[in-house]
file run_16.pdb (PDB, C-alpha atoms and all ligand atoms)
MODEL        1
ATOM      1  CA  MET A  10      -1.300  -2.740  -1.049
ATOM      2  CA  ARG A  11      -2.839  -1.716   2.217
ATOM      3  CA  LEU A  12      -2.753   1.861   3.428
ATOM      4  CA  LEU A  13      -3.524   3.530   6.715
ATOM      5  CA  VAL A  14      -5.015   7.018   6.510
ATOM      6  CA  VAL A  15      -4.767   9.027   9.717
ATOM      7  CA  GLU A  16      -6.874  12.174   9.553
ATOM      8  CA  ASP A  17      -9.275  13.659  12.101
ATOM      9  CA  GLU A  18     -11.161  15.822   9.616
ATOM     10  CA  PRO A  19     -14.015  13.485   8.522
ATOM     11  CA  THR A  20     -14.630  14.966   5.066
ATOM     12  CA  LEU A  21     -10.983  14.902   4.059
ATOM     13  CA  CYS A  22     -10.584  11.442   5.531
ATOM     14  CA  GLU A  23     -13.467  10.125   3.442
ATOM     15  CA  GLN A  24     -12.165  11.830   0.289
ATOM     16  CA  LEU A  25      -8.757  10.262   0.814
ATOM     17  CA  LYS A  26     -10.241   6.856   1.446
ATOM     18  CA  LEU A  27     -12.383   6.931  -1.693
ATOM     19  CA  ALA A  28      -9.629   8.266  -3.935
ATOM     20  CA  LEU A  29      -7.180   5.633  -2.717
ATOM     21  CA  GLN A  30      -9.713   2.812  -3.001
ATOM     22  CA  GLU A  31     -10.402   3.908  -6.561
ATOM     23  CA  GLN A  32      -6.711   3.343  -7.281
ATOM     24  CA  GLY A  33      -6.971  -0.223  -6.001
ATOM     25  CA  TYR A  34      -5.567   0.263  -2.511
ATOM     26  CA  VAL A  35      -7.035  -1.318   0.566
ATOM     27  CA  VAL A  36      -7.645   1.480   3.045
ATOM     28  CA  ASP A  37      -7.989   1.549   6.808
ATOM     29  CA  ILE A  38      -8.564   4.777   8.684
ATOM     30  CA  ALA A  39      -7.774   6.172  12.114
ATOM     31  CA  SER A  40      -9.113   9.486  13.352
ATOM     32  CA  ASN A  41      -6.918  10.021  16.401
ATOM     33  CA  GLY A  42      -3.272   9.558  17.302
ATOM     34  CA  GLU A  43      -3.723   6.783  19.836
ATOM     35  CA  ASP A  44      -5.659   4.558  17.434
ATOM     36  CA  ALA A  45      -3.138   5.332  14.697
ATOM     37  CA  LEU A  46      -0.164   4.386  16.863
ATOM     38  CA  HIS A  47      -1.776   1.097  17.845
ATOM     39  CA  PHE A  48      -2.928   0.236  14.328
ATOM     40  CA  GLY A  49       0.469   0.900  12.757
ATOM     41  CA  LYS A  50       2.181  -1.261  15.352
ATOM     42  CA  GLU A  51      -0.220  -4.195  15.076
ATOM     43  CA  GLU A  52      -1.375  -4.352  11.464
ATOM     44  CA  ALA A  53       0.434  -5.164   8.231
ATOM     45  CA  ILE A  54       0.353  -1.955   6.214
ATOM     46  CA  ASP A  55       2.331  -0.898   3.164
ATOM     47  CA  ALA A  56       2.246   2.866   3.718
ATOM     48  CA  ALA A  57       0.586   5.494   5.915
ATOM     49  CA  ILE A  58      -0.722   8.969   5.261
ATOM     50  CA  LEU A  59      -0.453  10.842   8.528
ATOM     51  CA  ASP A  60      -1.953  14.169   9.451
ATOM     52  CA  LEU A  61       0.158  15.890  12.115
ATOM     53  CA  GLY A  62      -2.531  17.769  14.033
ATOM     54  CA  LEU A  63      -4.499  14.984  15.719
ATOM     55  CA  PRO A  64      -6.562  14.489  18.871
ATOM     56  CA  LYS A  65      -5.217  12.362  21.756
ATOM     57  CA  LEU A  66      -1.678  12.076  20.386
ATOM     58  CA  ASP A  67       0.014  14.347  17.834
ATOM     59  CA  GLY A  68       1.241  12.978  14.510
ATOM     60  CA  ILE A  69       4.943  13.433  15.255
ATOM     61  CA  SER A  70       4.575  11.289  18.397
ATOM     62  CA  VAL A  71       2.683   8.659  16.396
ATOM     63  CA  LEU A  72       5.464   8.571  13.820
ATOM     64  CA  LYS A  73       8.180   8.357  16.458
ATOM     65  CA  GLY A  74       6.253   5.552  18.155
ATOM     66  CA  TRP A  75       6.026   3.545  14.923
ATOM     67  CA  ARG A  76       9.722   3.976  14.200
ATOM     68  CA  ALA A  77      10.661   3.110  17.804
ATOM     69  CA  ALA A  78       8.697  -0.125  17.304
ATOM     70  CA  GLN A  79      10.844  -0.853  14.201
ATOM     71  CA  LYS A  80       7.980  -0.235  11.790
ATOM     72  CA  THR A  81       9.577   0.698   8.478
ATOM     73  CA  PHE A  82       6.543   1.239   6.219
ATOM     74  CA  PRO A  83       6.736   4.549   4.338
ATOM     75  CA  VAL A  84       4.905   7.519   5.823
ATOM     76  CA  ILE A  85       3.681  10.645   4.069
ATOM     77  CA  ILE A  86       2.840  13.457   6.471
ATOM     78  CA  LEU A  87       0.151  16.053   5.842
ATOM     79  CA  THR A  88       1.373  19.452   6.975
ATOM     80  CA  ALA A  89      -0.059  22.945   7.180
ATOM     81  CA  ARG A  90       0.979  25.445   4.574
ATOM     82  CA  ASP A  91       3.985  27.606   5.473
ATOM     83  CA  ASN A  92       4.876  25.502   8.472
ATOM     84  CA  TRP A  93       8.406  24.563   7.456
ATOM     85  CA  SER A  94       9.433  23.534  10.965
ATOM     86  CA  GLU A  95       6.674  20.893  10.991
ATOM     87  CA  LYS A  96       8.072  19.394   7.792
ATOM     88  CA  VAL A  97      11.583  19.295   9.253
ATOM     89  CA  ALA A  98      10.326  17.682  12.473
ATOM     90  CA  GLY A  99       8.353  15.143  10.472
ATOM     91  CA  ILE A 100      11.221  14.142   8.199
ATOM     92  CA  ASP A 101      13.628  13.968  11.149
ATOM     93  CA  SER A 102      11.112  11.725  12.938
ATOM     94  CA  GLY A 103      11.077   9.226  10.085
ATOM     95  CA  ALA A 104       8.627  10.529   7.465
ATOM     96  CA  ASP A 105       9.487   9.615   3.878
ATOM     97  CA  ASP A 106       7.656  12.459   2.220
ATOM     98  CA  TYR A 107       5.239  15.269   3.001
ATOM     99  CA  ILE A 108       2.411  17.066   1.297
ATOM    100  CA  THR A 109       1.073  20.486   2.186
ATOM    101  CA  LYS A 110      -2.618  21.088   2.781
ATOM    102  CA  PRO A 111      -4.596  21.891   0.716
ATOM    103  CA  PHE A 112      -3.323  19.511  -1.941
ATOM    104  CA  HIS A 113      -4.440  18.056  -5.242
ATOM    105  CA  MET A 114      -5.468  14.427  -4.905
ATOM    106  CA  GLU A 115      -3.456  13.535  -8.026
ATOM    107  CA  GLU A 116      -0.296  14.774  -6.354
ATOM    108  CA  LEU A 117      -0.986  12.766  -3.233
ATOM    109  CA  LEU A 118      -1.644   9.627  -5.306
ATOM    110  CA  ALA A 119       1.638  10.094  -7.169
ATOM    111  CA  ARG A 120       3.514  10.437  -3.876
ATOM    112  CA  VAL A 121       1.846   7.309  -2.503
ATOM    113  CA  ARG A 122       2.868   5.317  -5.592
ATOM    114  CA  SER A 123       6.370   6.693  -5.298
ATOM    115  CA  VAL A 124       6.969   5.892  -1.609
ATOM    116  CA  ILE A 125       5.561   2.381  -2.030
ATOM    117  CA  ARG A 126       7.665   1.519  -5.052
ATOM    118  CA  ARG A 127      10.815   2.980  -3.492
ATOM    119  CA  SER A 128      10.197   1.112  -0.240
ATOM    120  CA  THR A 129       9.985  -2.129  -2.209
ATOM    121  CA  GLY A 130      13.111  -1.375  -4.237
ATOM    122  CA  HIS A 131      11.624  -0.179  -7.532
ATOM    123  CA  SER A 132      13.001   3.004  -9.052
ATOM    124  CA  SER A 133      10.644   3.176 -12.020
ATOM    125  CA  SER A 134       6.870   3.629 -12.067
ATOM    126  CA  VAL A 135       6.604   0.681 -14.447
ATOM    127  CA  ILE A 136       7.442  -2.729 -13.022
ATOM    128  CA  SER A 137       8.372  -5.345 -15.638
ATOM    129  CA  ILE A 138       8.836  -9.013 -14.947
ATOM    130  CA  GLN A 139       9.311 -11.544 -17.748
ATOM    131  CA  GLY A 140       7.327  -9.557 -20.290
ATOM    132  CA  LEU A 141       4.615  -8.775 -17.772
ATOM    133  CA  THR A 142       4.300  -5.045 -17.122
ATOM    134  CA  LEU A 143       2.468  -3.160 -14.408
ATOM    135  CA  ASP A 144       2.133   0.566 -14.950
ATOM    136  CA  LEU A 145       1.651   1.948 -11.467
ATOM    137  CA  ALA A 146       0.183   5.257 -12.624
ATOM    138  CA  SER A 147      -2.572   3.727 -14.748
ATOM    139  CA  ASN A 148      -2.826   0.329 -13.004
ATOM    140  CA  ARG A 149      -2.608  -1.222 -16.461
ATOM    141  CA  VAL A 150      -1.184  -4.699 -16.733
ATOM    142  CA  SER A 151       0.120  -5.969 -20.042
ATOM    143  CA  LEU A 152       1.907  -9.008 -21.330
ATOM    144  CA  ASP A 153       4.290  -8.452 -24.233
ATOM    145  CA  GLY A 154       2.383  -5.274 -24.997
ATOM    146  CA  ASN A 155      -1.124  -6.753 -24.829
ATOM    147  CA  THR A 156      -3.403  -5.505 -22.061
ATOM    148  CA  ILE A 157      -4.583  -8.121 -19.575
ATOM    149  CA  ASN A 158      -7.970  -7.503 -18.009
ATOM    150  CA  LEU A 159      -7.982  -8.170 -14.286
ATOM    151  CA  THR A 160     -10.616  -7.814 -11.617
ATOM    152  CA  SER A 161      -9.799  -5.469  -8.745
ATOM    153  CA  TYR A 162      -8.874  -8.366  -6.453
ATOM    154  CA  GLU A 163      -6.690  -9.971  -9.084
ATOM    155  CA  LEU A 164      -4.966  -6.639  -9.599
ATOM    156  CA  ARG A 165      -4.415  -6.181  -5.848
ATOM    157  CA  LEU A 166      -2.853  -9.596  -5.631
ATOM    158  CA  LEU A 167      -0.690  -9.288  -8.730
ATOM    159  CA  SER A 168       0.439  -5.799  -7.748
ATOM    160  CA  TYR A 169       1.571  -7.036  -4.345
ATOM    161  CA  LEU A 170       3.479  -9.943  -5.900
ATOM    162  CA  MET A 171       5.059  -7.723  -8.560
ATOM    163  CA  HIS A 172       6.199  -5.245  -5.912
ATOM    164  CA  HIS A 173       7.918  -8.155  -4.120
ATOM    165  CA  PRO A 174       9.434 -10.360  -6.833
ATOM    166  CA  ASN A 175      11.543 -13.424  -5.999
ATOM    167  CA  LYS A 176      10.252 -13.520  -2.443
ATOM    168  CA  VAL A 177       8.185 -16.348  -1.052
ATOM    169  CA  ILE A 178       5.027 -14.821   0.368
ATOM    170  CA  ASP A 179       2.693 -16.919   2.471
ATOM    171  CA  LYS A 180      -1.084 -16.801   2.269
ATOM    172  CA  THR A 181      -1.493 -15.104   5.633
ATOM    173  CA  THR A 182       0.803 -12.258   4.626
ATOM    174  CA  LEU A 183      -1.040 -11.887   1.333
ATOM    175  CA  SER A 184      -4.438 -11.742   2.991
ATOM    176  CA  GLU A 185      -3.133  -9.199   5.543
ATOM    177  CA  HIS A 186      -2.025  -6.897   2.740
ATOM    178  CA  LEU A 187      -5.053  -7.412   0.493
ATOM    179  CA  TYR A 188      -7.900  -6.910   2.935
ATOM    180  CA  ALA A 189      -8.871  -4.055   5.235
ATOM    181  CA  TYR A 190      -9.331  -4.562   8.962
ATOM    182  CA  ASP A 191     -13.097  -5.003   8.807
ATOM    183  CA  GLU A 192     -13.056  -7.341   5.813
ATOM    184  CA  ASP A 193     -13.212 -11.111   6.089
ATOM    185  CA  LYS A 194      -9.673 -12.452   5.944
ATOM    186  CA  ASP A 195     -10.103 -15.963   4.610
ATOM    187  CA  SER A 196      -6.721 -17.103   3.345
ATOM    188  CA  ASN A 197      -8.436 -19.841   1.301
ATOM    189  CA  THR A 198      -9.770 -17.167  -1.029
ATOM    190  CA  ILE A 199      -6.164 -16.320  -1.839
ATOM    191  CA  GLU A 200      -5.825 -19.745  -3.477
ATOM    192  CA  VAL A 201      -8.882 -19.040  -5.575
ATOM    193  CA  PHE A 202      -7.509 -15.688  -6.756
ATOM    194  CA  ILE A 203      -4.084 -17.176  -7.447
ATOM    195  CA  ALA A 204      -5.744 -19.841  -9.603
ATOM    196  CA  ARG A 205      -7.707 -17.222 -11.536
ATOM    197  CA  LEU A 206      -4.626 -15.067 -12.024
ATOM    198  CA  ARG A 207      -2.592 -17.997 -13.305
ATOM    199  CA  LYS A 208      -5.101 -18.597 -16.089
ATOM    200  CA  LYS A 209      -4.357 -15.102 -17.363
ATOM    201  CA  LEU A 210      -0.572 -15.252 -17.004
ATOM    202  CA  PRO A 211       2.234 -17.295 -18.566
ATOM    203  CA  GLU A 212       2.649 -20.709 -17.029
ATOM    204  CA  GLY A 213       5.084 -20.885 -14.153
ATOM    205  CA  LEU A 214       5.222 -17.146 -13.505
ATOM    206  CA  ILE A 215       3.586 -17.537 -10.106
ATOM    207  CA  GLU A 216       5.304 -20.453  -8.472
ATOM    208  CA  THR A 217       3.859 -22.397  -5.555
ATOM    209  CA  VAL A 218       6.485 -23.077  -2.918
ATOM    210  CA  ARG A 219       5.015 -26.059  -1.155
ATOM    211  CA  GLY A 220       4.034 -25.375   2.430
ATOM    212  CA  LEU A 221       5.435 -21.836   2.294
ATOM    213  CA  GLY A 222       3.534 -19.740  -0.194
ATOM    214  CA  TYR A 223       3.894 -18.153  -3.601
ATOM    215  CA  ARG A 224       6.730 -16.575  -5.477
ATOM    216  CA  LEU A 225       6.710 -14.465  -8.600
ATOM    217  CA  ASN A 226       9.994 -15.093 -10.354
ATOM    218  CA  ASP A 227      11.645 -12.383 -12.428
ATOM    219  CA  HIS A 228      13.938 -14.832 -14.150
ATOM    220  CA  ALA A 229      12.885 -17.740 -16.330
TER     221      ALA A 229
HETATM  222 CA    CA A 301      -5.909  17.539  11.815
ENDMDL
END

call {"tool": "encode", "arguments": {"input": "run_16.pdb", "output": "structure tokens", "more": "lines below"}}
Ligand code: CA
result
Amino acid sequence: MRLLVVEDEPTLCEQLKLALQEQGYVVDIASNGEDALHFGKEEAIDAAILDLGLPKLDGISVLKGWRAAQKTFPVIILTARDNWSEKVAGIDSGADDYITKPFHMEELLARVRSVIRRSTGHSSSVISIQGLTLDLASNRVSLDGNTINLTSYELRLLSYLMHHPNKVIDKTTLSEHLYAYDEDKDSNTIEVFIARLRKKLPEGLIETVRGLGYRLNDHA
């Protein structure tokens, strides 16, 4: 899952980035509204955390610009304490949730998990597919109750597939959602990670759809 963090305060931005990376997210950052608007329109992201007070273009305008461009990824806005009108404006402009500064990182992480799973159609924080379980809060993957040890890349890949079951996802889309902007996006590495993942999972769970991509089936 790839996130965009939009925050002009460098220390907070870095804290957010590190905390989110620690949870297995791929994180890109923007420190002004213009860059944020452009990035959200052009790049494949799964959710954005958007500060409202930004240089060059304010956060509400960024949000409205994304929504006007038919971008539907979930957005959590960062608002100032006691500024209820900012929250209303943000939600009416297409924000999915808000968090008030200062906030506890744990709360932000829970809200990120929540908006991503809801945007992909999952109501529970545990996704289960054919005995395979991903606990979104702990990032623990288990098969019929036994923990499966995955590398961070394997987890990124499996998490993306489990959030989007029964859909054929091509390699380009996968690499767009698994790598940050400045990382090498070699879609051939996706094949390597798929092969490694398959060795740890029941046979046939990740299906290759010839010429199109991969599909994780939630029915046998
Ligand atoms: Ca700010």

call {"tool": "residues_around", "arguments": {"input": "run_16.pdb", "residues": "Ala189 in chain A", "least_positions_apart": "2", "cutoff": "6 Å", "atoms": "only C-alpha atoms", "output": "MDAnalysis selection string"}}
result
chainID A and resid 35 37 191:192

call {"tool": "closest_residue", "arguments": {"input": "run_16.pdb", "among": "A:Val201, A:Leu164, A:Ile69, A:Val121", "to": "Leu143 in chain A", "atoms": "all atoms listed in the file"}}
result
A:Leu164

call {"tool": "residues_near_ligand", "arguments": {"input": "run_16.pdb", "ligand": "ligand CA 301 (chain A)", "cutoff": "7 Å", "atoms": "all atoms listed in the file", "output": "list of chain:residue names"}}
result
A:Glu16, A:Asp17, A:Glu18, A:Asp60, A:Leu61, A:Gly62, A:Leu63

call {"tool": "closest_atom_pairs", "arguments": {"input": "run_16.pdb", "of": "range 69-146 of chain A", "to": "range 165-182 of chain A", "cutoff": "12 Å", "atoms": "only C-alpha atoms", "output": "Markdown table"}}
result
| residue | atom | partner | partner_atom | distance |
| --- | --- | --- | --- | --- |
| A:Arg122 | CA | A:His172 | CA | 11.1 |
| A:Ser123 | CA | A:His172 | CA | 12.0 |
| A:Val124 | CA | A:His172 | CA | 12.0 |
| A:Ile125 | CA | A:His172 | CA | 8.6 |
| A:Arg126 | CA | A:His172 | CA | 7.0 |
| A:Arg127 | CA | A:His172 | CA | 9.7 |
| A:Ser128 | CA | A:His172 | CA | 9.4 |
| A:Thr129 | CA | A:His172 | CA | 6.1 |
| A:Gly130 | CA | A:His172 | CA | 8.1 |
| A:His131 | CA | A:His172 | CA | 7.6 |
| A:Ser132 | CA | A:His172 | CA | 11.1 |
| A:Ser133 | CA | A:His172 | CA | 11.3 |
| A:Ser134 | CA | A:His172 | CA | 10.8 |
| A:Val135 | CA | A:Met171 | CA | 10.4 |
| A:Ile136 | CA | A:Met171 | CA | 7.1 |
| A:Ser137 | CA | A:Met171 | CA | 8.2 |
| A:Ile138 | CA | A:Met171 | CA | 7.5 |
| A:Gln139 | CA | A:Met171 | CA | 10.8 |
| A:Leu141 | CA | A:Met171 | CA | 9.3 |
| A:Thr142 | CA | A:Met171 | CA | 9.0 |
| A:Leu143 | CA | A:Ser168 | CA | 7.4 |
| A:Asp144 | CA | A:Ser168 | CA | 9.8 |
| A:Leu145 | CA | A:Ser168 | CA | 8.7 |

call {"tool": "closest_residue", "arguments": {"input": "run_16.pdb", "among": "A:Pro83, A:Gly99, A:Pro111, A:Gly42", "to": "Ile58 in chain A", "atoms": "only C-alpha atoms"}}
result
A:Pro83

call {"tool": "closest_residue", "arguments": {"input": "run_16.pdb", "among": "A:Leu12, A:Leu66, A:Ala53, A:Val71", "to": "Ala28 in chain A", "atoms": "all atoms listed in the file"}}
result
A:Leu12

call {"tool": "atom_distance", "arguments": {"input": "run_16.pdb", "atom1": "CA of Asp101 in chain A", "atom2": "CA of Ile85 in chain A"}}
result
12.7 Å

call {"tool": "axis_aligned_box", "arguments": {"input": "run_16.pdb", "around": "range 115-129 of chain A", "padding_each_side": "8 Å", "output": "AutoDock Vina command-line options"}}
result
--center_x 3.7 --center_y 6.3 --center_z -4.1 --size_x 30.3 --size_y 32.9 --size_z 23.8

call {"tool": "closest_residue", "arguments": {"input": "run_16.pdb", "among": "A:Arg205, A:Leu210, A:Leu117, A:Asp193", "to": "Thr156 in chain A", "atoms": "all atoms listed in the file"}}
result
A:Leu210

call {"tool": "atom_distance", "arguments": {"input": "run_16.pdb", "atom1": "CA of Arg120 in chain A", "atom2": "CA of Leu183 in chain A"}}
result
23.4 Å
